[in-house]
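**Student:** model-v3.pdb is reproduced in full below (PDB, C-alpha atoms, pLDDT in the B column).
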```
ATOM      1  CA  MET D   1       7.259  13.965   1.348  1.00 51.00           C
ATOM      2  CA  LYS D   2       9.175  10.714   1.351  1.00 47.00           C
ATOM      3  CA  SER D   3       8.737   7.064   0.627  1.00 50.00           C
ATOM      4  CA  ILE D   4       7.866   5.005   3.682  1.00 47.00           C
ATOM      5  CA  GLU D   5      10.747   2.603   3.245  1.00 44.00           C
ATOM      6  CA  GLY D   6      13.211   5.464   2.756  1.00 35.00           C
ATOM      7  CA  SER D   7      12.903   6.930   6.240  1.00 37.00           C
ATOM      8  CA  GLY D   8      15.326   6.009   9.000  1.00 38.00           C
ATOM      9  CA  ALA D   9      14.467   6.805  12.589  1.00 38.00           C
ATOM     10  CA  GLY D  10      11.237   8.478  13.665  1.00 42.00           C
ATOM     11  CA  GLN D  11      10.851  12.203  14.084  1.00 41.00           C
ATOM     12  CA  HIS D  12      13.577  13.967  16.062  1.00 41.00           C
ATOM     13  CA  GLY D  13      15.807  10.867  16.038  1.00 44.00           C
ATOM     14  CA  GLN D  14      13.381   8.745  18.052  1.00 45.00           C
ATOM     15  CA  THR D  15      13.067   5.041  17.378  1.00 47.00           C
ATOM     16  CA  PRO D  16      10.021   4.343  15.177  1.00 48.00           C
ATOM     17  CA  PRO D  17       7.163   2.165  16.500  1.00 49.00           C
ATOM     18  CA  ALA D  18       7.757  -1.593  16.442  1.00 49.00           C
ATOM     19  CA  GLY D  19       5.218  -2.150  13.632  1.00 47.00           C
ATOM     20  CA  LEU D  20       6.964   0.387  11.427  1.00 47.00           C
ATOM     21  CA  GLN D  21      10.349  -1.153  12.231  1.00 46.00           C
ATOM     22  CA  ALA D  22       9.066  -4.613  11.267  1.00 45.00           C
ATOM     23  CA  GLN D  23       7.642  -3.221   8.000  1.00 46.00           C
ATOM     24  CA  ARG D  24      10.949  -1.553   7.158  1.00 45.00           C
ATOM     25  CA  GLN D  25      12.932  -4.696   7.989  1.00 44.00           C
ATOM     26  CA  ALA D  26      10.647  -6.797   5.776  1.00 44.00           C
ATOM     27  CA  THR D  27      11.016  -4.284   2.963  1.00 41.00           C
ATOM     28  CA  GLU D  28      14.800  -4.122   3.318  1.00 43.00           C
ATOM     29  CA  SER D  29      15.213  -7.899   3.554  1.00 41.00           C
ATOM     30  CA  ALA D  30      13.108  -8.406   0.431  1.00 41.00           C
ATOM     31  CA  GLY D  31      15.705  -6.464  -1.546  1.00 39.00           C
ATOM     32  CA  PRO D  32      15.032  -4.217  -4.493  1.00 39.00           C
ATOM     33  CA  ARG D  33      12.103  -5.073  -6.737  1.00 41.00           C
ATOM     34  CA  SER D  34      11.796  -4.102 -10.326  1.00 41.00           C
ATOM     35  CA  VAL D  35       8.267  -3.157 -11.251  1.00 43.00           C
ATOM     36  CA  SER D  36       7.171  -2.974 -14.845  1.00 47.00           C
ATOM     37  CA  ALA D  37       5.940   0.519 -15.684  1.00 48.00           C
ATOM     38  CA  ALA D  38       3.024  -1.094 -17.505  1.00 51.00           C
ATOM     39  CA  SER D  39       1.773  -2.934 -14.429  1.00 64.00           C
ATOM     40  CA  ALA D  40       2.439  -0.335 -11.675  1.00 87.00           C
ATOM     41  CA  VAL D  41      -0.338   2.208 -11.211  1.00 93.00           C
ATOM     42  CA  ILE D  42      -1.523   4.571  -8.526  1.00 95.00           C
ATOM     43  CA  LEU D  43      -4.259   2.974  -6.443  1.00 94.00           C
ATOM     44  CA  PRO D  44      -7.136   4.984  -8.000  1.00 94.00           C
ATOM     45  CA  GLY D  45      -5.977   3.650 -11.405  1.00 92.00           C
ATOM     46  CA  LEU D  46      -6.876   0.097 -10.395  1.00 92.00           C
ATOM     47  CA  ARG D  47     -10.161  -1.138 -11.856  1.00 92.00           C
ATOM     48  CA  PRO D  48     -12.960  -2.172  -9.463  1.00 94.00           C
ATOM     49  CA  GLY D  49     -12.768  -5.903  -8.772  1.00 93.00           C
ATOM     50  CA  HIS D  50      -9.023  -6.029  -9.492  1.00 93.00           C
ATOM     51  CA  CYS D  51      -6.225  -6.308  -6.987  1.00 93.00           C
ATOM     52  CA  GLY D  52      -2.609  -5.349  -6.750  1.00 94.00           C
ATOM     53  CA  SER D  53       0.362  -5.549  -4.451  1.00 94.00           C
ATOM     54  CA  VAL D  54       1.495  -2.286  -2.844  1.00 96.00           C
ATOM     55  CA  VAL D  55       4.998  -1.446  -4.087  1.00 95.00           C
ATOM     56  CA  GLU D  56       5.405   2.146  -2.893  1.00 93.00           C
ATOM     57  CA  ILE D  57       3.832   4.649  -0.537  1.00 94.00           C
ATOM     58  CA  SER D  58       4.997   8.216  -1.128  1.00 93.00           C
ATOM     59  CA  ALA D  59       3.492  10.218   1.702  1.00 91.00           C
ATOM     60  CA  ASP D  60       4.488  12.274   4.698  1.00 91.00           C
ATOM     61  CA  ASP D  61       4.826  10.463   8.025  1.00 92.00           C
ATOM     62  CA  ASP D  62       1.278  11.179   9.225  1.00 93.00           C
ATOM     63  CA  ASP D  63      -0.322   9.920   6.019  1.00 94.00           C
ATOM     64  CA  ALA D  64       2.005   6.902   5.852  1.00 93.00           C
ATOM     65  CA  HIS D  65       1.115   5.955   9.442  1.00 94.00           C
ATOM     66  CA  ARG D  66      -2.587   6.456   8.706  1.00 94.00           C
ATOM     67  CA  LEU D  67      -2.375   4.078   5.719  1.00 95.00           C
ATOM     68  CA  MET D  68      -0.375   1.529   7.711  1.00 94.00           C
ATOM     69  CA  ALA D  69      -2.931   1.638  10.545  1.00 95.00           C
ATOM     70  CA  MET D  70      -5.569   0.650   7.971  1.00 94.00           C
ATOM     71  CA  GLY D  71      -3.371  -2.215   6.736  1.00 95.00           C
ATOM     72  CA  VAL D  72      -2.135  -0.543   3.537  1.00 96.00           C
ATOM     73  CA  CYS D  73       1.615  -1.124   3.516  1.00 94.00           C
ATOM     74  CA  VAL D  74       4.337  -2.232   1.100  1.00 94.00           C
ATOM     75  CA  GLY D  75       3.933  -5.867   0.086  1.00 94.00           C
ATOM     76  CA  ARG D  76       0.243  -6.034   1.034  1.00 96.00           C
ATOM     77  CA  ARG D  77      -2.324  -7.130  -1.524  1.00 95.00           C
ATOM     78  CA  VAL D  78      -5.331  -4.821  -1.851  1.00 96.00           C
ATOM     79  CA  GLU D  79      -8.476  -5.069  -3.951  1.00 95.00           C
ATOM     80  CA  LEU D  80     -10.390  -2.063  -5.245  1.00 96.00           C
ATOM     81  CA  VAL D  81     -14.022  -2.757  -4.424  1.00 96.00           C
ATOM     82  CA  GLN D  82     -15.459   0.608  -5.465  1.00 96.00           C
ATOM     83  CA  ALA D  83     -13.905   3.640  -7.151  1.00 95.00           C
ATOM     84  CA  GLY D  84     -14.730   7.186  -6.072  1.00 94.00           C
ATOM     85  CA  ASP D  85     -13.961   9.342  -3.066  1.00 94.00           C
ATOM     86  CA  PRO D  86     -13.539   7.572  -0.806  1.00 94.00           C
ATOM     87  CA  LEU D  87     -12.250   4.462  -2.572  1.00 95.00           C
ATOM     88  CA  ILE D  88     -13.478   1.251  -0.978  1.00 97.00           C
ATOM     89  CA  LEU D  89     -10.680  -1.300  -0.613  1.00 96.00           C
ATOM     90  CA  ARG D  90     -10.549  -4.864   0.649  1.00 97.00           C
ATOM     91  CA  VAL D  91      -7.454  -5.275   2.811  1.00 96.00           C
ATOM     92  CA  LEU D  92      -6.856  -8.381   4.933  1.00 94.00           C
ATOM     93  CA  GLY D  93     -10.476  -9.406   4.383  1.00 94.00           C
ATOM     94  CA  CYS D  94     -11.873  -6.059   5.625  1.00 95.00           C
ATOM     95  CA  ARG D  95     -13.458  -3.281   3.607  1.00 97.00           C
ATOM     96  CA  ILE D  96     -12.031   0.170   4.305  1.00 97.00           C
ATOM     97  CA  GLY D  97     -12.620   3.635   2.896  1.00 97.00           C
ATOM     98  CA  VAL D  98      -9.565   5.606   1.770  1.00 96.00           C
ATOM     99  CA  SER D  99      -9.746   9.187   0.533  1.00 96.00           C
ATOM    100  CA  ALA D 100      -8.756   9.754  -3.081  1.00 95.00           C
ATOM    101  CA  ARG D 101      -6.008  12.093  -1.798  1.00 94.00           C
ATOM    102  CA  LEU D 102      -4.404   9.322   0.281  1.00 95.00           C
ATOM    103  CA  ALA D 103      -4.963   6.643  -2.362  1.00 95.00           C
ATOM    104  CA  ALA D 104      -3.070   8.732  -4.921  1.00 95.00           C
ATOM    105  CA  ARG D 105       0.057   8.305  -2.738  1.00 95.00           C
ATOM    106  CA  VAL D 106      -0.005   4.505  -3.130  1.00 96.00           C
ATOM    107  CA  ARG D 107       1.444   2.654  -6.161  1.00 96.00           C
ATOM    108  CA  VAL D 108       0.455  -0.952  -6.774  1.00 96.00           C
ATOM    109  CA  GLU D 109       1.655  -3.659  -9.116  1.00 94.00           C
ATOM    110  CA  VAL D 110      -1.496  -4.961 -10.783  1.00 91.00           C
ATOM    111  CA  CYS D 111      -2.214  -8.648 -10.246  1.00 87.00           C
ATOM    112  CA  HIS D 112      -3.164 -10.452 -13.437  1.00 78.00           C
ATOM    113  CA  GLU D 113      -4.168 -13.778 -11.862  1.00 73.00           C
ATOM    114  CA  PRO D 114      -7.940 -14.318 -12.206  1.00 63.00           C
ATOM    115  CA  GLN D 115      -8.334 -15.955  -8.784  1.00 62.00           C
ATOM    116  CA  CYS D 116      -6.426 -13.215  -6.976  1.00 68.00           C
ATOM    117  CA  ALA D 117      -9.316 -10.854  -6.128  1.00 56.00           C
ATOM    118  CA  VAL D 118     -11.989 -13.526  -5.856  1.00 45.00           C
ATOM    119  CA  GLY D 119     -11.905 -14.755  -2.280  1.00 46.00           C
ATOM    120  CA  GLY D 120      -8.107 -14.825  -2.155  1.00 47.00           C
ATOM    121  CA  ALA D 121      -6.255 -14.238   1.103  1.00 45.00           C
ATOM    122  CA  ASN D 122      -4.525 -10.894   1.535  1.00 46.00           C
TER     123      ASN D 122
END
```
Would you write the structure of this file as structure tokens?
**Tutor:**
Amino acid sequence: MKSIEGSGAGQHGQTPPAGLQAQRQATESAGPRSVSAASAVILPGLRPGHCGSVVEISADDDDAHRLMAMGVCVGRRVELVQAGDPLILRVLGCRIGVSARLAARVRVEVCHEPQCAVGGAN
């Protein structure tokens, strides 16, 4: 298992898909971020109605690609709509279901701004 931003080329030395390359370039250009241990939680630790910014995805390639296909990627703001299995998230204005197993691979920095989750753009 590895962090999504830590991987180089795709499997067997192939070039990764363009979307993954763009995500990695955005992550690398943003530079290192320090995240307070008090505000970074795994996605299921977020309270319903609260949002956070994804800071790390620690999953194998298949799971990382699955999350990215649903819009869950580093730097993206997500809102927990409903806890459980699956978790219901709001990502880019859409509601998606994510298994608790996958959600546990995602760490978010909790947003403390009151207007963040209420009608805010992702």
**Student:** Find the distance between atom CA of D:Pro48 and atom CA of D:Leu80 and write it in Å to one decimal.
**Tutor:**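 Value for the atom CA of D:Pro48-atom CA of D:Leu80 distance: 4.9 Å.
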**Student:** Mind giving me the straight-line distance from atom CA of D:Asp62 to atom CA of D:Gly49 in Å, one decimal?
**Tutor:**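 Going from atom CA of D:Asp62 over to atom CA of D:Gly49 covers 28.5 Å.
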**Student:** Give me the residues within 10 Å of D:Arg76 as a list in words, counting all atoms listed in the file and dropping any in the same chain fewer than 2 places off.
**Tutor:**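 Those residues are Gly52, Ser53, Val54, Val55, Gly71, Val72, Cys73, Val74, Val78, Val91, Leu92, Val108 and Asn122 of chain D.
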**Student:** When you count all atoms listed in the file, which of these residues is closest to D:Ile88: D:Leu43, D:Ala69, D:Ala64, D:Cys111?
**Tutor:** D:Leu43
**Student:** Assuming the chain letters and numbering stay as they are in my file, what does the PyMOL selection byres ((chain D and resi 81) around 9) actually select? List them as a compact mmCIF listing (two decimals) with C-alpha atoms, in the frame of the given file.
**Tutor:**
```txt
# COMPACT_ATOMS: atom_id res chain seq x y z
CA ARG D 47 -10.16 -1.14 -11.86
CA PRO D 48 -12.96 -2.17 -9.46
CA GLY D 49 -12.77 -5.90 -8.77
CA HIS D 50 -9.02 -6.03 -9.49
CA CYS D 51 -6.22 -6.31 -6.99
CA GLU D 79 -8.48 -5.07 -3.95
CA LEU D 80 -10.39 -2.06 -5.24
CA GLN D 82 -15.46 0.61 -5.46
CA ALA D 83 -13.90 3.64 -7.15
CA LEU D 87 -12.25 4.46 -2.57
CA ILE D 88 -13.48 1.25 -0.98
CA LEU D 89 -10.68 -1.30 -0.61
CA ARG D 90 -10.55 -4.86 0.65
CA ARG D 95 -13.46 -3.28 3.61
```
**Student:** Under the rule that all atoms listed in the file are counted, which of D:Arg77, D:Ala100, D:Arg105, D:Gly84 is the nearest residue to D:Glu56?
**Tutor:**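 Once distances to D:Glu56 are computed over all atoms listed in the file, the minimum belongs to D:Arg105.
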**Student:** What is the distance, in Å and to one decimal place, between atom CA of D:Leu67 and atom CA of D:Leu102?
**Tutor:**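 Atom-to-atom, atom CA of D:Leu67 to atom CA of D:Leu102, that is 7.8 Å.
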**Student:** Edge lengths and centre in Å to one decimal, as lines of an AutoDock Vina configuration file, of the axis-aligned box that encloses all listed atoms of stretch 93-103 of chain D with 8 Å added on every side?
**Tutor:**
```
center_x = -8.9
center_y = 1.3
center_z = 1.3
size_x = 25.1
size_y = 37.5
size_z = 24.7
```
**Student:** With all atoms listed in the file as the basis for distance, which of D:Leu46, D:Ile96, D:Pro86, D:Val106 is at the shortest distance from D:Ser58?
**Tutor:**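 Distance minimum relative to D:Ser58 lands on D:Val106.
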**Student:** Go through D:Arg107, D:Gly75, D:Cys94, D:Met68 and flag the residue nearest D:Val41, using all atoms listed in the file for the distances.
**Tutor:**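 Looking only at the distances to D:Val41, the closest residue turns out to be D:Arg107.
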